[in-house]
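Report on one structure; see the data block that follows.
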Amino acid sequence: MLRFIIRRLLVILPMVLLVITIAYALIKLAPGNFYATERGLPEAVERNIRQKYGLDKSWYVQYGKTMWNIMRGDFGFSRKYQDQTVNEILWQAAPVSATLGLTAYLLALTLGLTFGTLAALRQNSALDYGSMAAAMLGISLPNFVLGPLLVLVFALTLFWLPPARWEWWVKIGSGGIPNPRFLLMPAVTLAALYTAYIARLTRSGMLEVLRKDYIRTARAKGLSERQVVIRHALRGGILPVVSFTGPALAFIVAGTVVVERVFAIPGLGNYFINAALNRDAPLLLGITAFVAILVLVFNLLVDIAYAFIDPRIRY
Amino acid sequence: MLSKFRSNYTLGALLSFALLTQSCSSTASNDPYFGRVLPPEGQVLHYITGSEPQSLDPQAMVGQPETRIAVALFDGLVEYDEKTIAPVPSLATHWDVNANGTVWTFHLRPSAKWTDGKLLTACDFVYSWRRGLSPELAANNASMLYYVKNGEPFNSMSAYVRDPSTGRFATTDDLERAGESGPVNFSGTEPMNFNRNGLNCDTQGSQAASLQSEATPQHPQENSSSTTEAKYLFVPSDEAARAKLLNGDPAKNKPGQPKLARFIEGKQFVSVTKENVGVRALDAYTFEVTLEAPTAFFVKMLTHQFFRSVPRQAIEKYGDTLWTKPGHIVTSGAFKLAEWIPYDGVAVERNTSFWDNVNTKLDRIIFLTVEEATTMMNLYKAGEADAIGTNYVPAPWRNQLKETKRDYIYGPYVTIEFLAIKTTMPPLNDLRVRRALSMAINRQILADRSPGQLPLTGFTPPMEGYEGVKGTDFNPQEARRLLAEAGFPNGRGFPKIEILYNTLESNKQLYEIVQQMLKTNLNIPVELTNQEFRVYLDNTRNDRLNFKGLARRGWVGDYLDPNTFFELMTSGSTNNGTGWSDPKYDRMLMEANAAVDPSVRAAKLREVESYMIAQQPVIPLFVKAIAVMRKPYVKNFESNLLDQHNWRGVYINHNWRAD
C-alpha cells in the first residue's frame, strides 16, 4: 500500500510538468497577445512591452525560464492583473472555490446517497420514480438556467437572499467560514447536477449489489435489514460514486466557472476564463497546474479509498 | 481551445435570454424605478464599474472600469466636469499658454498633499510624465505623451547623431541637404536639457525640491526652445535596431536606407534621455510642458488618468508593480484606498487631508467588480448596488427600460461604430464601390435599436464647439447606379466579401442587419465572420489587414476633441485599419491642430473631416449611447459623454422623495 502511494506520488510531478508544457505550447500558439487592446500600439511601445516581458528572446529561452521558475514554485506576475502574482491570486481565489465546491459536493453526496439508496430499496415505487424524475431534471437543467431561476425567486421576488457576491463570516487567512446567505444559492445551483448523478449512480449500484449472493448470505445470517443495507450493500453499492468523486471533486472546485460568473463570486472560475481570453500565460499556467494537481491527488485519494471500501481490492 | 471561448459567449447569450423573461415581468409593473429603492445608510455609494482592475497604477491601466477608480484616487492637473466632461482646474489653479500653443505652464495648488503627508509639487509631475514615457515601464498608453517634446524619441529609445569633430548634432534638414557629392556640416546645437533651467528634480527628490529653488521662474516664452530648436535627426540607439533600419528588414518588406547609412557613418550616437523630455519644474509649484507642435486640445487630454501624478516615494520604495498594494499605496485624490478584494470590489474612503475635502460629499465608494451584465442588473434590482457604469444594461432591455423606468438614463456617448474598408483590395479600392456600400446602409434603422443612438455619416459624435460634417447617407438608387458604373450592374460579378467582427451576440445581430441591407439594396453577397476578440485584434491591425473586405470597428474617444477620432486615419496610426493613407490628410490635420483660435481650428477640422469622408475609407454607422442605471437618491451623477465621474460632488440624498 505504502509503495503504491509513493509510486503514484512520484508520477504526479512529471505529469504536472507535462500538462504545463502542453498548456504553454497552446497559449503560445494561440493567435493574439496579452497586451493588445482596441487601441493599436505604436511600434516603439510594442517593442518596449516585448522587451519588458522577455518576449524578444527565443522560445526555448522563454520556455526554460518559465519552467525553471515554476519548479521553484514561482509563476510570476499575472500579465493582466499586473499588481498581483499568480501565487497571490491562487491564494485568494482557491479557498473561495474550494469552500463553494466542497459545500456543493457534500450537499450532493448527502442528498444523492439518501435518495439513490431509498429509490433502490423501494424500486418502482412512487419514491423511486419521483426521485429519478427529479434527478433527470437536475441533469438536464443547466446551472445557468437554475442559478438565475433561484435568483429570480429568492433574491428578486422574496428578497430573502442577496442575488450575488460572496462574504466570509469569519475570516481565517484568505479563507474562513462563509456567510451562508451568500453561499446557499450558488451551492445549490452547483450541487444540482452532481446530486442527480450521485442519486442515479447510487441507485443502479445498489440495485446490482442487492441481488448479490453475499447480501442473501447476510440476510440468511439473520441481520437486520438496516445492517444489511448500511454495512454490506452500501459499501459495494457506492463504488461507482467513489470513482466518480475523484474527477468530480477536482472539477467542481476548479470549474465552478459558470456559477461563479452568475453569482459574481471571487473564485478561480473567473480567472480561468479570463486568463485564456487575455492570453495571460503565467496565470493560465498557474491555474492549470493547480487543477492538474487537484485531479491527480483526488484520483489517488479515490484509489486509496477503494482499498478501504472494497475488500476485494489490494494494492 | 477556441471552441471553449465560443461556448462561453453562447452561454452569456443564453443567460441573458433566461433573464429577459425576468426583466419583462418586472418592467411591466407600474413601479417607476427598476427594483428596490433603498438608500444606504450614510454617504456610501455602491457603484458597479465592470471587470476586475488590471492595476491601480494610473500609468499601467488601460480599461475603463479601473480608470474610474483612478479618478477617485488620484488628483489631476485638471478634473472632469460632471456634466460637460470639460477640464476644470484641480491641482492646477490656472495655466498659461504661449502664443503659438507649444509651451504650457501650470500653476499648482500649494496646499495639495499626498496621503502620506508629503507635498505634491511640480517635480512629482516631472517624475510621473518621464516615468509614463520610460521604455522600462513600457506603458500601453505611452503614446499619449508623444505630444510632449521628445516624448516619442525617449520612449522609442532613439539617439541623436553627433559629429565628434565639431560637437554639433544632425538635423533632418542636414540629411536632406546631404547630396551624393560630399559631407555636410551638422547644424544642430546641443539639444535642450530641460533640467538645466528648472529645478533638478532628480537629486533633490520630490519633497525637498518644493522648498528650495535655485532657478528663478522665467516667463515661458523666454526660454521656449521649441520654436527655435532644430528638428533633430533620430536613429535607434540600439545597435541591432539601427542596423535593421539601415540595411532594411526583408521580413517586414522594408527597404534599406543607404543614404542615411552613409550620412551617419563614423558619427557618435547620443541617446535621448529623460532630461530631453519637455517637462520641467520652474519652481516647486510651476510645472512647464513644452510640446512637439502646437496642440490646441492639449489641456482636454489632461483629465485622462495617464497624466495624473504618481507617488515617486512609494514607487521607488516598493517597485513598479508592488506600490499599489494596500498599505503601500500613496495617493492624492479625494479618496484613498481602503480595501481591495480581487473580483469582488475596491473600496475607497474619504481622504481627509485632501485639499478640497470640505466639498467632498461621499465618505466611501465601493467599486464593485462584476463581469456578467445580468448579474449587475440583479444586484441593482435587489438594491445592493446604487448605480451601474455604462453599456452594461443588456441591449434588448433598453427600449423597455426607457419607456417604463425613470432610473434608466441615456444620452450620446463619444463612441462611434463604423466599418473599416480594406481599401487595398479590389474592387474596394474603387471609390465608387466604397460609396455605394455606404449608401446601401440605412443608418436610422441601426441607430434606433437602442435609445439615444444617432445615425452617423461623418466621423465624429456630437461635441461641444464642433459640428461634424455629413457624408454619404442612405440612397439605394444612387448606390446601385454607382455600383453599376464601377462595373457591377445589379451586383453581378461582385466578389464575395466579408464583414469581420469580434464574437459577441450584439455584434452578430447588428451585422446580420447590415448584411441583409447590402444584399437587398445592392444584391451583393456578404459573409459574416466572427473571431475571438484577440484574434480579431490581430487580424485587423494596420500591418496585417487580414480580412476580406470589411471589419467592424468601434472607437471610444479618449478626450472630448475631434482629434481623438481624426488621428485614427493618419498614415502613421496603428489604429487606421483600412490601408488608406493620404499625406494631404495628415498635413491638413496637423495644420488644424496648430490653429490656436477655436473657431478657426473648428473650421479647419471640418475640412479635414470632409476630405477624409469623401474618400470613404470607412463606413460610419452610428454614435453609440450611454446607458446607465442610477437610483433616484444618487445625486450629482450624470450620464456624461465619457461616463467618467467627478466623484467629489456625488452624494446620497436620503430625502430623495422630497425632490
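Starting from 1 in every chain, residues are counted up; chains themselves are A, B, ... following the order of the C-alpha cells, and ligands are numbered from 1 as listed.
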
May I ask you to extract the residues of chain A within 7 Å of chain B, using only C-alpha atoms, and to give them as a PDB file with all heavy atoms, in the first residue's frame?
ATOM      1  N   PRO A  31      -3.412  32.674 -31.507  1.00  0.00           N
ATOM      2  CA  PRO A  31      -3.162  33.996 -32.086  1.00  0.00           C
ATOM      3  C   PRO A  31      -3.516  35.099 -31.090  1.00  0.00           C
ATOM      4  O   PRO A  31      -4.300  34.888 -30.174  1.00  0.00           O
ATOM      5  CB  PRO A  31      -4.096  34.043 -33.299  1.00  0.00           C
ATOM      6  CG  PRO A  31      -5.063  32.942 -33.130  1.00  0.00           C
ATOM      7  CD  PRO A  31      -4.538  31.987 -32.134  1.00  0.00           C
ATOM      8  N   GLY A  32      -2.924  36.274 -31.288  1.00  0.00           N
ATOM      9  CA  GLY A  32      -3.202  37.391 -30.388  1.00  0.00           C
ATOM     10  C   GLY A  32      -2.230  37.399 -29.232  1.00  0.00           C
ATOM     11  O   GLY A  32      -1.488  36.444 -29.021  1.00  0.00           O
ATOM     12  N   ASN A  33      -2.202  38.500 -28.510  1.00  0.00           N
ATOM     13  CA  ASN A  33      -1.275  38.614 -27.398  1.00  0.00           C
ATOM     14  C   ASN A  33      -1.896  39.392 -26.261  1.00  0.00           C
ATOM     15  O   ASN A  33      -2.912  40.051 -26.426  1.00  0.00           O
ATOM     16  CB  ASN A  33       0.017  39.276 -27.861  1.00  0.00           C
ATOM     17  CG  ASN A  33      -0.291  40.510 -28.655  1.00  0.00           C
ATOM     18  OD1 ASN A  33      -0.999  41.384 -28.184  1.00  0.00           O
ATOM     19  ND2 ASN A  33       0.189  40.568 -29.890  1.00  0.00           N
ATOM     20  N   GLU A  38      -8.056  47.545 -28.042  1.00  0.00           N
ATOM     21  CA  GLU A  38      -8.680  48.108 -29.231  1.00  0.00           C
ATOM     22  C   GLU A  38      -7.848  49.266 -29.772  1.00  0.00           C
ATOM     23  O   GLU A  38      -7.863  49.549 -30.952  1.00  0.00           O
ATOM     24  CB  GLU A  38     -10.098  48.576 -28.918  1.00  0.00           C
ATOM     25  CG  GLU A  38     -11.092  47.876 -29.794  1.00  0.00           C
ATOM     26  CD  GLU A  38     -12.448  47.755 -29.152  1.00  0.00           C
ATOM     27  OE1 GLU A  38     -12.593  48.128 -27.977  1.00  0.00           O
ATOM     28  OE2 GLU A  38     -13.362  47.291 -29.830  1.00  0.00           O
ATOM     29  N   ARG A  39      -7.119  49.922 -28.877  1.00  0.00           N
ATOM     30  CA  ARG A  39      -6.224  50.969 -29.333  1.00  0.00           C
ATOM     31  C   ARG A  39      -4.924  50.296 -29.762  1.00  0.00           C
ATOM     32  O   ARG A  39      -4.244  49.667 -28.962  1.00  0.00           O
ATOM     33  CB  ARG A  39      -5.946  51.931 -28.170  1.00  0.00           C
ATOM     34  CG  ARG A  39      -4.870  52.957 -28.469  1.00  0.00           C
ATOM     35  CD  ARG A  39      -4.125  53.333 -27.205  1.00  0.00           C
ATOM     36  NE  ARG A  39      -5.039  53.901 -26.235  1.00  0.00           N
ATOM     37  CZ  ARG A  39      -5.428  55.169 -26.272  1.00  0.00           C
ATOM     38  NH1 ARG A  39      -4.984  55.968 -27.181  1.00  0.00           N
ATOM     39  NH2 ARG A  39      -6.243  55.634 -25.358  1.00  0.00           N
ATOM     40  N   GLY A  40      -4.593  50.398 -31.031  1.00  0.00           N
ATOM     41  CA  GLY A  40      -3.368  49.776 -31.518  1.00  0.00           C
ATOM     42  C   GLY A  40      -2.152  50.443 -30.906  1.00  0.00           C
ATOM     43  O   GLY A  40      -2.207  51.595 -30.496  1.00  0.00           O
ATOM     44  N   LEU A  41      -1.068  49.720 -30.809  1.00  0.00           N
ATOM     45  CA  LEU A  41       0.119  50.275 -30.169  1.00  0.00           C
ATOM     46  C   LEU A  41       1.139  50.716 -31.204  1.00  0.00           C
ATOM     47  O   LEU A  41       1.382  50.001 -32.172  1.00  0.00           O
ATOM     48  CB  LEU A  41       0.761  49.211 -29.272  1.00  0.00           C
ATOM     49  CG  LEU A  41      -0.062  48.771 -28.082  1.00  0.00           C
ATOM     50  CD1 LEU A  41       0.609  47.617 -27.379  1.00  0.00           C
ATOM     51  CD2 LEU A  41      -0.266  49.921 -27.124  1.00  0.00           C
ATOM     52  N   PRO A  42       1.769  51.875 -30.991  1.00  0.00           N
ATOM     53  CA  PRO A  42       2.877  52.249 -31.862  1.00  0.00           C
ATOM     54  C   PRO A  42       3.987  51.207 -31.735  1.00  0.00           C
ATOM     55  O   PRO A  42       4.120  50.547 -30.697  1.00  0.00           O
ATOM     56  CB  PRO A  42       3.343  53.590 -31.293  1.00  0.00           C
ATOM     57  CG  PRO A  42       2.230  54.091 -30.460  1.00  0.00           C
ATOM     58  CD  PRO A  42       1.478  52.894 -29.979  1.00  0.00           C
ATOM     59  N   ALA A  44       7.112  51.361 -31.225  1.00  0.00           N
ATOM     60  CA  ALA A  44       8.051  51.507 -30.111  1.00  0.00           C
ATOM     61  C   ALA A  44       7.458  50.962 -28.828  1.00  0.00           C
ATOM     62  O   ALA A  44       8.129  50.262 -28.059  1.00  0.00           O
ATOM     63  CB  ALA A  44       8.412  52.973 -29.934  1.00  0.00           C
ATOM     64  N   VAL A  45       6.167  51.254 -28.598  1.00  0.00           N
ATOM     65  CA  VAL A  45       5.531  50.807 -27.360  1.00  0.00           C
ATOM     66  C   VAL A  45       5.469  49.285 -27.338  1.00  0.00           C
ATOM     67  O   VAL A  45       5.771  48.638 -26.334  1.00  0.00           O
ATOM     68  CB  VAL A  45       4.125  51.431 -27.243  1.00  0.00           C
ATOM     69  CG1 VAL A  45       3.386  50.855 -26.063  1.00  0.00           C
ATOM     70  CG2 VAL A  45       4.222  52.942 -27.132  1.00  0.00           C
ATOM     71  N   ASN A  48       8.846  47.929 -26.536  1.00  0.00           N
ATOM     72  CA  ASN A  48       9.163  48.058 -25.109  1.00  0.00           C
ATOM     73  C   ASN A  48       8.499  46.969 -24.288  1.00  0.00           C
ATOM     74  O   ASN A  48       9.099  46.402 -23.381  1.00  0.00           O
ATOM     75  CB  ASN A  48       8.711  49.425 -24.590  1.00  0.00           C
ATOM     76  CG  ASN A  48       9.541  50.556 -25.156  1.00  0.00           C
ATOM     77  OD1 ASN A  48      10.656  50.336 -25.636  1.00  0.00           O
ATOM     78  ND2 ASN A  48       9.009  51.759 -25.130  1.00  0.00           N
ATOM     79  N   ILE A  49       7.226  46.709 -24.611  1.00  0.00           N
ATOM     80  CA  ILE A  49       6.486  45.694 -23.847  1.00  0.00           C
ATOM     81  C   ILE A  49       7.113  44.322 -24.061  1.00  0.00           C
ATOM     82  O   ILE A  49       7.341  43.570 -23.105  1.00  0.00           O
ATOM     83  CB  ILE A  49       5.005  45.683 -24.266  1.00  0.00           C
ATOM     84  CG1 ILE A  49       4.336  46.991 -23.843  1.00  0.00           C
ATOM     85  CG2 ILE A  49       4.277  44.503 -23.664  1.00  0.00           C
ATOM     86  CD1 ILE A  49       2.930  47.178 -24.352  1.00  0.00           C
ATOM     87  N   LYS A  52      10.232  44.111 -22.083  1.00  0.00           N
ATOM     88  CA  LYS A  52       9.999  44.050 -20.641  1.00  0.00           C
ATOM     89  C   LYS A  52       9.654  42.640 -20.198  1.00  0.00           C
ATOM     90  O   LYS A  52      10.085  42.174 -19.153  1.00  0.00           O
ATOM     91  CB  LYS A  52       8.856  45.009 -20.287  1.00  0.00           C
ATOM     92  CG  LYS A  52       8.475  45.030 -18.819  1.00  0.00           C
ATOM     93  CD  LYS A  52       7.433  46.097 -18.555  1.00  0.00           C
ATOM     94  CE  LYS A  52       6.957  46.050 -17.113  1.00  0.00           C
ATOM     95  NZ  LYS A  52       5.972  47.114 -16.852  1.00  0.00           N
ATOM     96  N   LYS A  80      -2.199  40.240 -16.956  1.00  0.00           N
ATOM     97  CA  LYS A  80      -3.342  41.149 -16.978  1.00  0.00           C
ATOM     98  C   LYS A  80      -3.442  41.889 -15.646  1.00  0.00           C
ATOM     99  O   LYS A  80      -3.491  43.105 -15.614  1.00  0.00           O
ATOM    100  CB  LYS A  80      -4.612  40.346 -17.250  1.00  0.00           C
ATOM    101  CG  LYS A  80      -5.902  41.080 -17.005  1.00  0.00           C
ATOM    102  CD  LYS A  80      -6.251  42.013 -18.131  1.00  0.00           C
ATOM    103  CE  LYS A  80      -7.575  42.710 -17.828  1.00  0.00           C
ATOM    104  NZ  LYS A  80      -7.957  43.627 -18.885  1.00  0.00           N
ATOM    105  N   TYR A  81      -3.471  41.145 -14.565  1.00  0.00           N
ATOM    106  CA  TYR A  81      -3.615  41.769 -13.252  1.00  0.00           C
ATOM    107  C   TYR A  81      -2.216  42.074 -12.739  1.00  0.00           C
ATOM    108  O   TYR A  81      -1.647  41.339 -11.949  1.00  0.00           O
ATOM    109  CB  TYR A  81      -4.408  40.853 -12.326  1.00  0.00           C
ATOM    110  CG  TYR A  81      -5.686  40.398 -12.983  1.00  0.00           C
ATOM    111  CD1 TYR A  81      -5.838  39.104 -13.469  1.00  0.00           C
ATOM    112  CD2 TYR A  81      -6.718  41.304 -13.185  1.00  0.00           C
ATOM    113  CE1 TYR A  81      -6.990  38.717 -14.122  1.00  0.00           C
ATOM    114  CE2 TYR A  81      -7.876  40.926 -13.838  1.00  0.00           C
ATOM    115  CZ  TYR A  81      -8.000  39.629 -14.306  1.00  0.00           C
ATOM    116  OH  TYR A  81      -9.146  39.252 -14.966  1.00  0.00           O
ATOM    117  N   GLN A  82      -1.669  43.183 -13.259  1.00  0.00           N
ATOM    118  CA  GLN A  82      -0.244  43.421 -13.152  1.00  0.00           C
ATOM    119  C   GLN A  82       0.276  43.600 -11.729  1.00  0.00           C
ATOM    120  O   GLN A  82       1.455  43.465 -11.482  1.00  0.00           O
ATOM    121  CB  GLN A  82       0.124  44.652 -13.977  1.00  0.00           C
ATOM    122  CG  GLN A  82      -0.131  44.416 -15.441  1.00  0.00           C
ATOM    123  CD  GLN A  82       0.094  45.662 -16.270  1.00  0.00           C
ATOM    124  OE1 GLN A  82       0.532  46.688 -15.766  1.00  0.00           O
ATOM    125  NE2 GLN A  82      -0.200  45.582 -17.539  1.00  0.00           N
ATOM    126  N   ASP A  83      -0.617  43.931 -10.796  1.00  0.00           N
ATOM    127  CA  ASP A  83      -0.161  44.161  -9.424  1.00  0.00           C
ATOM    128  C   ASP A  83      -0.138  42.867  -8.617  1.00  0.00           C
ATOM    129  O   ASP A  83       0.210  42.882  -7.452  1.00  0.00           O
ATOM    130  CB  ASP A  83      -1.091  45.153  -8.717  1.00  0.00           C
ATOM    131  CG  ASP A  83      -1.244  46.455  -9.484  1.00  0.00           C
ATOM    132  OD1 ASP A  83      -0.490  46.648 -10.449  1.00  0.00           O
ATOM    133  OD2 ASP A  83      -2.100  47.260  -9.123  1.00  0.00           O
ATOM    134  N   PHE A 144     -26.792  27.450 -15.633  1.00  0.00           N
ATOM    135  CA  PHE A 144     -27.011  28.854 -15.967  1.00  0.00           C
ATOM    136  C   PHE A 144     -28.490  29.172 -16.141  1.00  0.00           C
ATOM    137  O   PHE A 144     -28.855  30.313 -16.348  1.00  0.00           O
ATOM    138  CB  PHE A 144     -26.198  29.296 -17.197  1.00  0.00           C
ATOM    139  CG  PHE A 144     -26.418  28.487 -18.436  1.00  0.00           C
ATOM    140  CD1 PHE A 144     -27.506  28.730 -19.254  1.00  0.00           C
ATOM    141  CD2 PHE A 144     -25.509  27.498 -18.790  1.00  0.00           C
ATOM    142  CE1 PHE A 144     -27.706  27.999 -20.401  1.00  0.00           C
ATOM    143  CE2 PHE A 144     -25.714  26.758 -19.942  1.00  0.00           C
ATOM    144  CZ  PHE A 144     -26.803  27.010 -20.755  1.00  0.00           C
ATOM    145  N   VAL A 145     -29.324  28.139 -16.062  1.00  0.00           N
ATOM    146  CA  VAL A 145     -30.762  28.399 -16.012  1.00  0.00           C
ATOM    147  C   VAL A 145     -31.235  28.307 -14.565  1.00  0.00           C
ATOM    148  O   VAL A 145     -31.965  29.167 -14.080  1.00  0.00           O
ATOM    149  CB  VAL A 145     -31.531  27.398 -16.894  1.00  0.00           C
ATOM    150  CG1 VAL A 145     -33.030  27.554 -16.698  1.00  0.00           C
ATOM    151  CG2 VAL A 145     -31.152  27.575 -18.345  1.00  0.00           C
ATOM    152  N   PRO A 148     -30.090  31.588 -12.288  1.00  0.00           N
ATOM    153  CA  PRO A 148     -30.965  32.753 -12.439  1.00  0.00           C
ATOM    154  C   PRO A 148     -32.388  32.501 -11.932  1.00  0.00           C
ATOM    155  O   PRO A 148     -33.015  33.417 -11.396  1.00  0.00           O
ATOM    156  CB  PRO A 148     -30.951  33.003 -13.944  1.00  0.00           C
ATOM    157  CG  PRO A 148     -29.629  32.495 -14.382  1.00  0.00           C
ATOM    158  CD  PRO A 148     -29.351  31.305 -13.523  1.00  0.00           C
ATOM    159  N   ALA A 155     -34.074  36.128  -4.526  1.00  0.00           N
ATOM    160  CA  ALA A 155     -33.392  37.406  -4.345  1.00  0.00           C
ATOM    161  C   ALA A 155     -34.190  38.573  -4.898  1.00  0.00           C
ATOM    162  O   ALA A 155     -34.162  39.662  -4.349  1.00  0.00           O
ATOM    163  CB  ALA A 155     -32.020  37.364  -5.012  1.00  0.00           C
ATOM    164  N   LEU A 156     -34.935  38.335  -5.978  1.00  0.00           N
ATOM    165  CA  LEU A 156     -35.580  39.481  -6.625  1.00  0.00           C
ATOM    166  C   LEU A 156     -37.081  39.537  -6.386  1.00  0.00           C
ATOM    167  O   LEU A 156     -37.716  40.537  -6.649  1.00  0.00           O
ATOM    168  CB  LEU A 156     -35.296  39.455  -8.126  1.00  0.00           C
ATOM    169  CG  LEU A 156     -33.814  39.540  -8.485  1.00  0.00           C
ATOM    170  CD1 LEU A 156     -33.624  39.487  -9.981  1.00  0.00           C
ATOM    171  CD2 LEU A 156     -33.199  40.806  -7.915  1.00  0.00           C
ATOM    172  N   PRO A 163     -28.545  38.606  -4.320  1.00  0.00           N
ATOM    173  CA  PRO A 163     -28.525  37.989  -5.642  1.00  0.00           C
ATOM    174  C   PRO A 163     -27.140  37.545  -6.095  1.00  0.00           C
ATOM    175  O   PRO A 163     -27.018  36.752  -7.025  1.00  0.00           O
ATOM    176  CB  PRO A 163     -29.059  39.084  -6.560  1.00  0.00           C
ATOM    177  CG  PRO A 163     -28.764  40.353  -5.850  1.00  0.00           C
ATOM    178  CD  PRO A 163     -28.832  40.049  -4.387  1.00  0.00           C
ATOM    179  N   ALA A 164     -26.103  38.062  -5.483  1.00  0.00           N
ATOM    180  CA  ALA A 164     -24.753  37.712  -5.929  1.00  0.00           C
ATOM    181  C   ALA A 164     -23.743  38.132  -4.865  1.00  0.00           C
ATOM    182  O   ALA A 164     -24.105  38.660  -3.824  1.00  0.00           O
ATOM    183  CB  ALA A 164     -24.425  38.407  -7.252  1.00  0.00           C
ATOM    184  N   ARG A 165     -22.483  37.901  -5.170  1.00  0.00           N
ATOM    185  CA  ARG A 165     -21.317  38.235  -4.335  1.00  0.00           C
ATOM    186  C   ARG A 165     -21.069  37.193  -3.240  1.00  0.00           C
ATOM    187  O   ARG A 165     -21.756  36.186  -3.151  1.00  0.00           O
ATOM    188  CB  ARG A 165     -21.416  39.630  -3.726  1.00  0.00           C
ATOM    189  CG  ARG A 165     -21.434  40.723  -4.779  1.00  0.00           C
ATOM    190  CD  ARG A 165     -21.466  42.086  -4.156  1.00  0.00           C
ATOM    191  NE  ARG A 165     -20.242  42.384  -3.459  1.00  0.00           N
ATOM    192  CZ  ARG A 165     -20.144  43.313  -2.508  1.00  0.00           C
ATOM    193  NH1 ARG A 165     -21.203  44.001  -2.150  1.00  0.00           N
ATOM    194  NH2 ARG A 165     -18.999  43.536  -1.916  1.00  0.00           N
ATOM    195  N   ARG A 261     -19.585  33.071 -12.218  1.00  0.00           N
ATOM    196  CA  ARG A 261     -19.903  34.264 -13.023  1.00  0.00           C
ATOM    197  C   ARG A 261     -21.304  34.767 -12.729  1.00  0.00           C
ATOM    198  O   ARG A 261     -21.524  35.948 -12.526  1.00  0.00           O
ATOM    199  CB  ARG A 261     -19.763  33.958 -14.511  1.00  0.00           C
ATOM    200  CG  ARG A 261     -18.358  34.129 -15.020  1.00  0.00           C
ATOM    201  CD  ARG A 261     -18.312  33.932 -16.512  1.00  0.00           C
ATOM    202  NE  ARG A 261     -18.477  35.185 -17.235  1.00  0.00           N
ATOM    203  CZ  ARG A 261     -17.478  36.037 -17.450  1.00  0.00           C
ATOM    204  NH1 ARG A 261     -16.288  35.794 -16.976  1.00  0.00           N
ATOM    205  NH2 ARG A 261     -17.685  37.137 -18.136  1.00  0.00           N
ATOM    206  N   VAL A 262     -22.246  33.809 -12.679  1.00  0.00           N
ATOM    207  CA  VAL A 262     -23.630  34.198 -12.440  1.00  0.00           C
ATOM    208  C   VAL A 262     -23.761  34.894 -11.082  1.00  0.00           C
ATOM    209  O   VAL A 262     -24.474  35.884 -10.946  1.00  0.00           O
ATOM    210  CB  VAL A 262     -24.547  32.958 -12.507  1.00  0.00           C
ATOM    211  CG1 VAL A 262     -25.938  33.301 -12.015  1.00  0.00           C
ATOM    212  CG2 VAL A 262     -24.609  32.433 -13.925  1.00  0.00           C
ATOM    213  N   PHE A 263     -23.041  34.385 -10.079  1.00  0.00           N
ATOM    214  CA  PHE A 263     -23.185  34.932  -8.739  1.00  0.00           C
ATOM    215  C   PHE A 263     -22.046  35.880  -8.365  1.00  0.00           C
ATOM    216  O   PHE A 263     -21.921  36.260  -7.210  1.00  0.00           O
ATOM    217  CB  PHE A 263     -23.281  33.795  -7.713  1.00  0.00           C
ATOM    218  CG  PHE A 263     -24.573  33.026  -7.802  1.00  0.00           C
ATOM    219  CD1 PHE A 263     -24.656  31.839  -8.493  1.00  0.00           C
ATOM    220  CD2 PHE A 263     -25.728  33.525  -7.213  1.00  0.00           C
ATOM    221  CE1 PHE A 263     -25.848  31.137  -8.585  1.00  0.00           C
ATOM    222  CE2 PHE A 263     -26.923  32.841  -7.297  1.00  0.00           C
ATOM    223  CZ  PHE A 263     -26.986  31.640  -7.989  1.00  0.00           C
ATOM    224  N   ALA A 264     -21.232  36.259  -9.328  1.00  0.00           N
ATOM    225  CA  ALA A 264     -20.122  37.199  -9.098  1.00  0.00           C
ATOM    226  C   ALA A 264     -19.308  36.798  -7.872  1.00  0.00           C
ATOM    227  O   ALA A 264     -19.107  37.575  -6.948  1.00  0.00           O
ATOM    228  CB  ALA A 264     -20.627  38.630  -8.963  1.00  0.00           C
ATOM    229  N   PRO A 266     -15.793  35.679  -6.156  1.00  0.00           N
ATOM    230  CA  PRO A 266     -14.366  35.866  -6.474  1.00  0.00           C
ATOM    231  C   PRO A 266     -13.550  34.584  -6.360  1.00  0.00           C
ATOM    232  O   PRO A 266     -12.586  34.524  -5.612  1.00  0.00           O
ATOM    233  CB  PRO A 266     -13.918  36.907  -5.446  1.00  0.00           C
ATOM    234  CG  PRO A 266     -14.846  36.744  -4.299  1.00  0.00           C
ATOM    235  CD  PRO A 266     -16.150  36.270  -4.852  1.00  0.00           C
TER     236      PRO A 266
END

Work out how far atom CA of A:Leu294 is from atom CA of A:Leu249, in Å to one decimal.
-> 8.5 Å

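Going from atom CA of A:Val259 over to atom CA of A:Gly147, you cover 7.2 Å.
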
Within 7 Å of stretch 397-406 of chain B, counting only C-alpha atoms, which residues qualify if same-chain residues fewer than 5 places away don't, as a PyMOL selection string?
-> chain B and resi 27+32-34+450-451

Helix (DSSP H, G or I) call set, DSSP backbone run, stretch 95-239 of chain A, as a ChimeraX atom specification = /A:95-121,126-140,143-155,180-210,213-220,225-237,239

Atom CA of A:Gly237 and atom CA of A:Ser224 are how many Å apart?
-> 17.9 Å

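For A:Ala199, the residues within 10 Å (counting only C-alpha atoms, excluding itself and residues fewer than 3 positions away along the chain) are Ala108, Leu109, Thr110, Leu111, Gly112, Leu113, Thr114, Phe115, Gly116, Thr117, Leu118, Ala119, Ala120, Ser131, Met132, Ala134, Ala135, Tyr194, Thr195, Ala196, Thr202, Arg203, Ser204, Gly205 and Val241 of chain A.
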
Got a sec: who's within 6 Å of stretch 105-116 of chain B, counting only C-alpha atoms, leaving out chain neighbours fewer than 6 positions off, as a list in words?
-> Leu91, Ala92, Thr93, His94, Trp95, Asp96, Tyr285, Thr286, Phe287, Glu288, Val330, Thr331, Ser332 and Trp355 of chain B

Residues within 12 Å of B:Lys635, only C-alpha atoms, excluding chain neighbours under 3 positions, as a list in words = Pro39, Gln43, Leu45, Glu82, Lys361, Leu362, Asp386, Ala387, Asp407, Arg630, Lys631, Pro632, Glu638, Ser639, His645, Asn646, Trp647, Arg648, Gly649, Val650, Tyr651, Ile652, Asn653, His654, Asn655, Trp656 and Asp659 of chain B

Find the residues near stretch 162-172 of chain B: any atom within 8 Å, counting only C-alpha atoms, skip ones fewer than 5 places away on the same chain, and give them as a list in words.
-> Phe186, Ser187, Gly188, Thr189, Glu190, Pro191, Ala230, Lys231, Tyr232, Leu233, Lys267, Gln268, Phe269 and Val270 of chain B

Tell me, which residues of stretch 34-280 of chain A carry DSSP strand (DSSP E), written as a VMD selection string?
-> chain A and resid 168 to 172 175 to 178
